[in-house]
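Written below as structure tokens is the structure these notes are about.
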Amino acid sequence: MADKQVEADQELLDAARKGDRKALDRLLEKYQGHVWRFGMKMCGDPEDAKEILQETLIQVTRGLKDFRGASSLTTWLYTIARSFCIKRRRKSKFAPDREESLEAEAEVRAIPDASRGPDEALAGRQLEQVLDEAIRSLEPMYREVLVLRDAEGLSAPEVAEVLGISVEAVKSRLHRARVAVRERVAPKLGIGEAQPAPTCPDVVSLLSRHLEGEIDPDACKEMERHLAVCPGCKGACDSLKQTLALCRTAPPRVPAKTQEAVRKAIEQFLAVSPPS
Ligand SMILES: [Zn+2]
């Protein structure tokens, strides 16, 4: 998190701890879109996402006093949201009987491109839908890494903290998840992508590793030279970049009805256990 943001959050936190309801509301409002999106992307169901949002915000309200500080506010939030997400997934009627394995995923051929109308907004919505489906088809252990890193914008060490795994494990899951999601989204992007030659490097994985600072400058230059002469690999790289750009949109507004229900639940919680 940027320093200014941490400072602003710390002020809100301090005030909220002293029982300032407005500060608490502002703090929760600030993060509710993120938690909502995380729940939607992980569970794919508005009812599940609402439960996750509600339980997370109540838990945050309850835990304010013991909380370390604003610098780790986001990791704390996602850690809580994730635990509710896992609980929810276990009992959800929407939980799939079986998760597709990533290996099977890699073999999924391009979804045939539906005729794209002139309506760009519609095309945008279709793209979003394809992206969501691609993310949802990942196994949860890959899905959560991609959502936290590429949608929510946490750093790899922050993701590692939320998940309780090593940064190396985060990065290796992330690369596999990105490769699988790009594979599904690419045919919808309209980027000309020729079949790579047998001698072509695995540019999508290389680019993903480059984005995580794992590629040394020499290997980087070599890749740039290859991309300059190989339109197929260039297209593959561009499609990964665009897929990631699609992931990194601003968090959506929480539906008004959901906000209201969550607010009521927090009111009820505070009425039973007011902050001391
Ligand atoms: Zn190539």
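FYI, nothing fancy with the structure tokens labels: chains A, B, ... in order, residues from 1 per chain, ligands from 1 as they appear.
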
*Can you list every residue in region 35-193 of chain A that DSSP puts in alpha helix (DSSP H), as an MDAnalysis selection string?*
chainID A and resid 35:43 46:63 73:91 102:107 120:136 140:146 156:163 167:189

*Write out as a list of chain:residue names each polymer residue whose atoms come within 12 Å of Glu128 (chain A), counting only C-alpha atoms; drop sequence neighbours fewer than 5 positions from it.*
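After dropping sequence-adjacent residues, the list is A:Lys41, A:Ala121, A:Leu122, A:Ala123, A:Glu133, A:Ala134, A:Ile135, A:Arg184, A:Val185, A:Lys188, A:Leu189, A:Gln242, A:Thr243, A:Leu244, A:Ala245, A:Leu246, A:Cys247, A:Arg248, A:Thr249.
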
Produce a file of the selected residues containing N, CA and C atoms, as a PDB file, in the first residue's frame.
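What follows is the written file again.pdb:
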```pdb
ATOM      1  N   LYS A  41     -15.411 -13.414  -7.408  1.00  0.00           N
ATOM      2  CA  LYS A  41     -14.463 -14.122  -8.276  1.00  0.00           C
ATOM      3  C   LYS A  41     -14.133 -15.505  -7.726  1.00  0.00           C
ATOM      4  N   ALA A 121     -19.614  -2.008 -25.977  1.00  0.00           N
ATOM      5  CA  ALA A 121     -19.945  -2.295 -24.581  1.00  0.00           C
ATOM      6  C   ALA A 121     -20.300  -3.768 -24.423  1.00  0.00           C
ATOM      7  N   LEU A 122     -21.065  -4.263 -25.391  1.00  0.00           N
ATOM      8  CA  LEU A 122     -21.456  -5.668 -25.360  1.00  0.00           C
ATOM      9  C   LEU A 122     -20.217  -6.546 -25.464  1.00  0.00           C
ATOM     10  N   ALA A 123     -19.324  -6.188 -26.384  1.00  0.00           N
ATOM     11  CA  ALA A 123     -18.084  -6.947 -26.550  1.00  0.00           C
ATOM     12  C   ALA A 123     -17.291  -6.942 -25.251  1.00  0.00           C
ATOM     13  N   GLU A 133     -15.232 -16.667 -16.439  1.00  0.00           N
ATOM     14  CA  GLU A 133     -15.338 -18.120 -16.601  1.00  0.00           C
ATOM     15  C   GLU A 133     -13.959 -18.768 -16.550  1.00  0.00           C
ATOM     16  N   ALA A 134     -12.995 -18.088 -17.181  1.00  0.00           N
ATOM     17  CA  ALA A 134     -11.630 -18.628 -17.199  1.00  0.00           C
ATOM     18  C   ALA A 134     -11.069 -18.684 -15.777  1.00  0.00           C
ATOM     19  N   ILE A 135     -11.319 -17.628 -15.004  1.00  0.00           N
ATOM     20  CA  ILE A 135     -10.819 -17.585 -13.624  1.00  0.00           C
ATOM     21  C   ILE A 135     -11.514 -18.646 -12.780  1.00  0.00           C
ATOM     22  N   ARG A 184      -7.603 -19.222 -22.452  1.00  0.00           N
ATOM     23  CA  ARG A 184      -9.054 -19.159 -22.636  1.00  0.00           C
ATOM     24  C   ARG A 184      -9.514 -17.811 -23.174  1.00  0.00           C
ATOM     25  N   VAL A 185      -8.847 -16.737 -22.729  1.00  0.00           N
ATOM     26  CA  VAL A 185      -9.300 -15.397 -23.084  1.00  0.00           C
ATOM     27  C   VAL A 185      -8.778 -14.970 -24.454  1.00  0.00           C
ATOM     28  N   LYS A 188     -10.720 -14.475 -27.764  1.00  0.00           N
ATOM     29  CA  LYS A 188     -11.734 -13.419 -27.764  1.00  0.00           C
ATOM     30  C   LYS A 188     -11.150 -12.034 -27.947  1.00  0.00           C
ATOM     31  N   LEU A 189      -9.836 -11.937 -27.897  1.00  0.00           N
ATOM     32  CA  LEU A 189      -9.214 -10.616 -27.922  1.00  0.00           C
ATOM     33  C   LEU A 189      -8.994 -10.086 -29.338  1.00  0.00           C
ATOM     34  N   GLN A 242      -3.012  -7.991 -22.283  1.00  0.00           N
ATOM     35  CA  GLN A 242      -4.410  -7.536 -22.308  1.00  0.00           C
ATOM     36  C   GLN A 242      -5.273  -8.286 -21.299  1.00  0.00           C
ATOM     37  N   THR A 243      -4.993  -9.575 -21.137  1.00  0.00           N
ATOM     38  CA  THR A 243      -5.740 -10.366 -20.152  1.00  0.00           C
ATOM     39  C   THR A 243      -5.516  -9.799 -18.754  1.00  0.00           C
ATOM     40  N   LEU A 244      -4.265  -9.453 -18.453  1.00  0.00           N
ATOM     41  CA  LEU A 244      -3.954  -8.901 -17.132  1.00  0.00           C
ATOM     42  C   LEU A 244      -4.589  -7.523 -16.958  1.00  0.00           C
ATOM     43  N   ALA A 245      -4.604  -6.750 -18.036  1.00  0.00           N
ATOM     44  CA  ALA A 245      -5.240  -5.429 -17.967  1.00  0.00           C
ATOM     45  C   ALA A 245      -6.732  -5.579 -17.668  1.00  0.00           C
ATOM     46  N   LEU A 246      -7.341  -6.609 -18.251  1.00  0.00           N
ATOM     47  CA  LEU A 246      -8.768  -6.882 -17.989  1.00  0.00           C
ATOM     48  C   LEU A 246      -9.001  -7.248 -16.527  1.00  0.00           C
ATOM     49  N   CYS A 247      -8.041  -7.959 -15.958  1.00  0.00           N
ATOM     50  CA  CYS A 247      -8.162  -8.348 -14.539  1.00  0.00           C
ATOM     51  C   CYS A 247      -8.115  -7.122 -13.635  1.00  0.00           C
ATOM     52  N   ARG A 248      -7.308  -6.142 -14.022  1.00  0.00           N
ATOM     53  CA  ARG A 248      -7.011  -5.018 -13.128  1.00  0.00           C
ATOM     54  C   ARG A 248      -7.947  -3.845 -13.297  1.00  0.00           C
ATOM     55  N   THR A 249      -9.221  -4.089 -13.217  1.00  0.00           N
ATOM     56  CA  THR A 249     -10.158  -2.975 -13.275  1.00  0.00           C
ATOM     57  C   THR A 249     -10.457  -2.511 -11.855  1.00  0.00           C
TER      58      THR A 249
END
```

Could you give me, as JSON lines, a per-residue list for chain A showing, wherever an atom lies at most 12 Å from an atom of ligand 1, the closest pair of atoms and their distance in Å to one decimal, using only C-alpha atoms and all ligand atoms and sorting by chain then residue number from low to high?
```
{"residue": "A:Glu193", "atom": "CA", "partner": "ligand 1", "partner_atom_place_in_ligand_line": "1 (Zn)", "distance": 10.2}
{"residue": "A:Ala194", "atom": "CA", "partner": "ligand 1", "partner_atom_place_in_ligand_line": "1 (Zn)", "distance": 8.9}
{"residue": "A:Gln195", "atom": "CA", "partner": "ligand 1", "partner_atom_place_in_ligand_line": "1 (Zn)", "distance": 8.5}
{"residue": "A:Pro196", "atom": "CA", "partner": "ligand 1", "partner_atom_place_in_ligand_line": "1 (Zn)", "distance": 5.2}
{"residue": "A:Ala197", "atom": "CA", "partner": "ligand 1", "partner_atom_place_in_ligand_line": "1 (Zn)", "distance": 6.0}
{"residue": "A:Pro198", "atom": "CA", "partner": "ligand 1", "partner_atom_place_in_ligand_line": "1 (Zn)", "distance": 8.4}
{"residue": "A:Thr199", "atom": "CA", "partner": "ligand 1", "partner_atom_place_in_ligand_line": "1 (Zn)", "distance": 7.3}
{"residue": "A:Cys200", "atom": "CA", "partner": "ligand 1", "partner_atom_place_in_ligand_line": "1 (Zn)", "distance": 4.2}
{"residue": "A:Pro201", "atom": "CA", "partner": "ligand 1", "partner_atom_place_in_ligand_line": "1 (Zn)", "distance": 6.5}
{"residue": "A:Asp202", "atom": "CA", "partner": "ligand 1", "partner_atom_place_in_ligand_line": "1 (Zn)", "distance": 8.3}
{"residue": "A:Val203", "atom": "CA", "partner": "ligand 1", "partner_atom_place_in_ligand_line": "1 (Zn)", "distance": 7.6}
{"residue": "A:Val204", "atom": "CA", "partner": "ligand 1", "partner_atom_place_in_ligand_line": "1 (Zn)", "distance": 10.5}
{"residue": "A:Glu222", "atom": "CA", "partner": "ligand 1", "partner_atom_place_in_ligand_line": "1 (Zn)", "distance": 11.6}
{"residue": "A:Met223", "atom": "CA", "partner": "ligand 1", "partner_atom_place_in_ligand_line": "1 (Zn)", "distance": 9.2}
{"residue": "A:Glu224", "atom": "CA", "partner": "ligand 1", "partner_atom_place_in_ligand_line": "1 (Zn)", "distance": 10.6}
{"residue": "A:Arg225", "atom": "CA", "partner": "ligand 1", "partner_atom_place_in_ligand_line": "1 (Zn)", "distance": 10.1}
{"residue": "A:His226", "atom": "CA", "partner": "ligand 1", "partner_atom_place_in_ligand_line": "1 (Zn)", "distance": 6.3}
{"residue": "A:Leu227", "atom": "CA", "partner": "ligand 1", "partner_atom_place_in_ligand_line": "1 (Zn)", "distance": 6.6}
{"residue": "A:Ala228", "atom": "CA", "partner": "ligand 1", "partner_atom_place_in_ligand_line": "1 (Zn)", "distance": 9.2}
{"residue": "A:Val229", "atom": "CA", "partner": "ligand 1", "partner_atom_place_in_ligand_line": "1 (Zn)", "distance": 7.7}
{"residue": "A:Cys230", "atom": "CA", "partner": "ligand 1", "partner_atom_place_in_ligand_line": "1 (Zn)", "distance": 4.6}
{"residue": "A:Pro231", "atom": "CA", "partner": "ligand 1", "partner_atom_place_in_ligand_line": "1 (Zn)", "distance": 7.0}
{"residue": "A:Gly232", "atom": "CA", "partner": "ligand 1", "partner_atom_place_in_ligand_line": "1 (Zn)", "distance": 5.7}
{"residue": "A:Cys233", "atom": "CA", "partner": "ligand 1", "partner_atom_place_in_ligand_line": "1 (Zn)", "distance": 4.3}
{"residue": "A:Lys234", "atom": "CA", "partner": "ligand 1", "partner_atom_place_in_ligand_line": "1 (Zn)", "distance": 7.3}
{"residue": "A:Gly235", "atom": "CA", "partner": "ligand 1", "partner_atom_place_in_ligand_line": "1 (Zn)", "distance": 9.4}
{"residue": "A:Ala236", "atom": "CA", "partner": "ligand 1", "partner_atom_place_in_ligand_line": "1 (Zn)", "distance": 8.9}
{"residue": "A:Cys237", "atom": "CA", "partner": "ligand 1", "partner_atom_place_in_ligand_line": "1 (Zn)", "distance": 10.1}
```

*Please provide the set of residues having any atom within 6 Å of Gln54 (chain A), restricted to only C-alpha atoms, with same-chain residues fewer than 3 positions apart removed, written as a PyMOL selection string.*
chain A and resi 51+57+262

Output C-alpha atoms for every residue in that selection, as a short mmCIF file (atom, residue, chain, number, x, y, z; two decimals), in the first residue's frame.
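Final output, selection06.cif:
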```cif
data_model
loop_
_atom_site.label_atom_id
_atom_site.label_comp_id
_atom_site.auth_asym_id
_atom_site.auth_seq_id
_atom_site.Cartn_x
_atom_site.Cartn_y
_atom_site.Cartn_z
CA GLU A 51 -22.16 -13.76 3.09
CA LEU A 57 -16.80 -6.76 7.76
CA VAL A 262 -24.60 -5.89 5.25
#
```

*In Å, rounded to a single decimal, give me how far CA of His175 (chain A) is from CA of Val162 (chain A).*
18.0 Å

*To one decimal in Å, tell me the separation between CA of Val272 (chain A) and CA of Leu28 (chain A).*
18.9 Å

*Residue nearest Arg176 (chain A) among A:Leu53, A:Ile215, A:Leu146, A:Ile191 (counting only C-alpha atoms)*: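 The shortest atom-to-atom distance to Arg176 (chain A) comes from A:Leu146.
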
*Between A:Ala8, A:Ala177, A:Ala23, A:Leu163, single out the one closest to Arg82 (chain A), counting only C-alpha atoms.*
A:Leu163

*asked:* Here is a test: counting only C-alpha atoms, which residue of A:Tyr78, A:Leu270, A:Val145, A:Lys4 is nearest to Leu24 (chain A)?
replied: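 Answer, going by the shortest atom-to-atom distance: A:Leu270.
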
_Neighbouring residues of region 45-49 of chain A were defined as those with any atom within 7 Å, considering only C-alpha atoms; residues of the same chain fewer than 6 positions away were excluded. Please report them as an MDAnalysis selection string._
chainID A and resid 36 39 88

*For region 10-22 of chain A, please output as a PyMOL selection string all residues within 7 Å (counting only C-alpha atoms; exclusion window: fewer than 4 positions along the same chain).*
chain A and resi 6+26-27+64-65+69-70+275

Can you write just those residues out, C-alpha atoms, as a short mmCIF file (atom, residue, chain, number, x, y, z; two decimals), in the first residue's frame?
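See selection-v3.cif below for the written result:
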```
data_model
loop_
_atom_site.label_atom_id
_atom_site.label_comp_id
_atom_site.auth_asym_id
_atom_site.auth_seq_id
_atom_site.Cartn_x
_atom_site.Cartn_y
_atom_site.Cartn_z
CA VAL A 6 -1.59 3.74 5.00
CA ARG A 26 -15.76 4.97 6.06
CA LEU A 27 -13.15 2.30 6.60
CA LEU A 64 -10.31 -3.66 15.39
CA LYS A 65 -8.93 -3.41 18.91
CA GLY A 69 -1.78 -1.43 12.09
CA ALA A 70 -2.91 -0.02 8.78
CA PRO A 275 -17.04 -1.25 21.00
#
```

*Separation of CA of Gly33 (chain A) from CA of Leu138 (chain A) in Å*: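 Separation between CA of Leu138 (chain A) and CA of Gly33 (chain A): 22.4 Å.
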
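Of the listed residues (A:Glu55, A:Glu152, A:Glu214, A:Glu161), A:Glu152 comes nearest to Arg37 (chain A); the distances count only C-alpha atoms.
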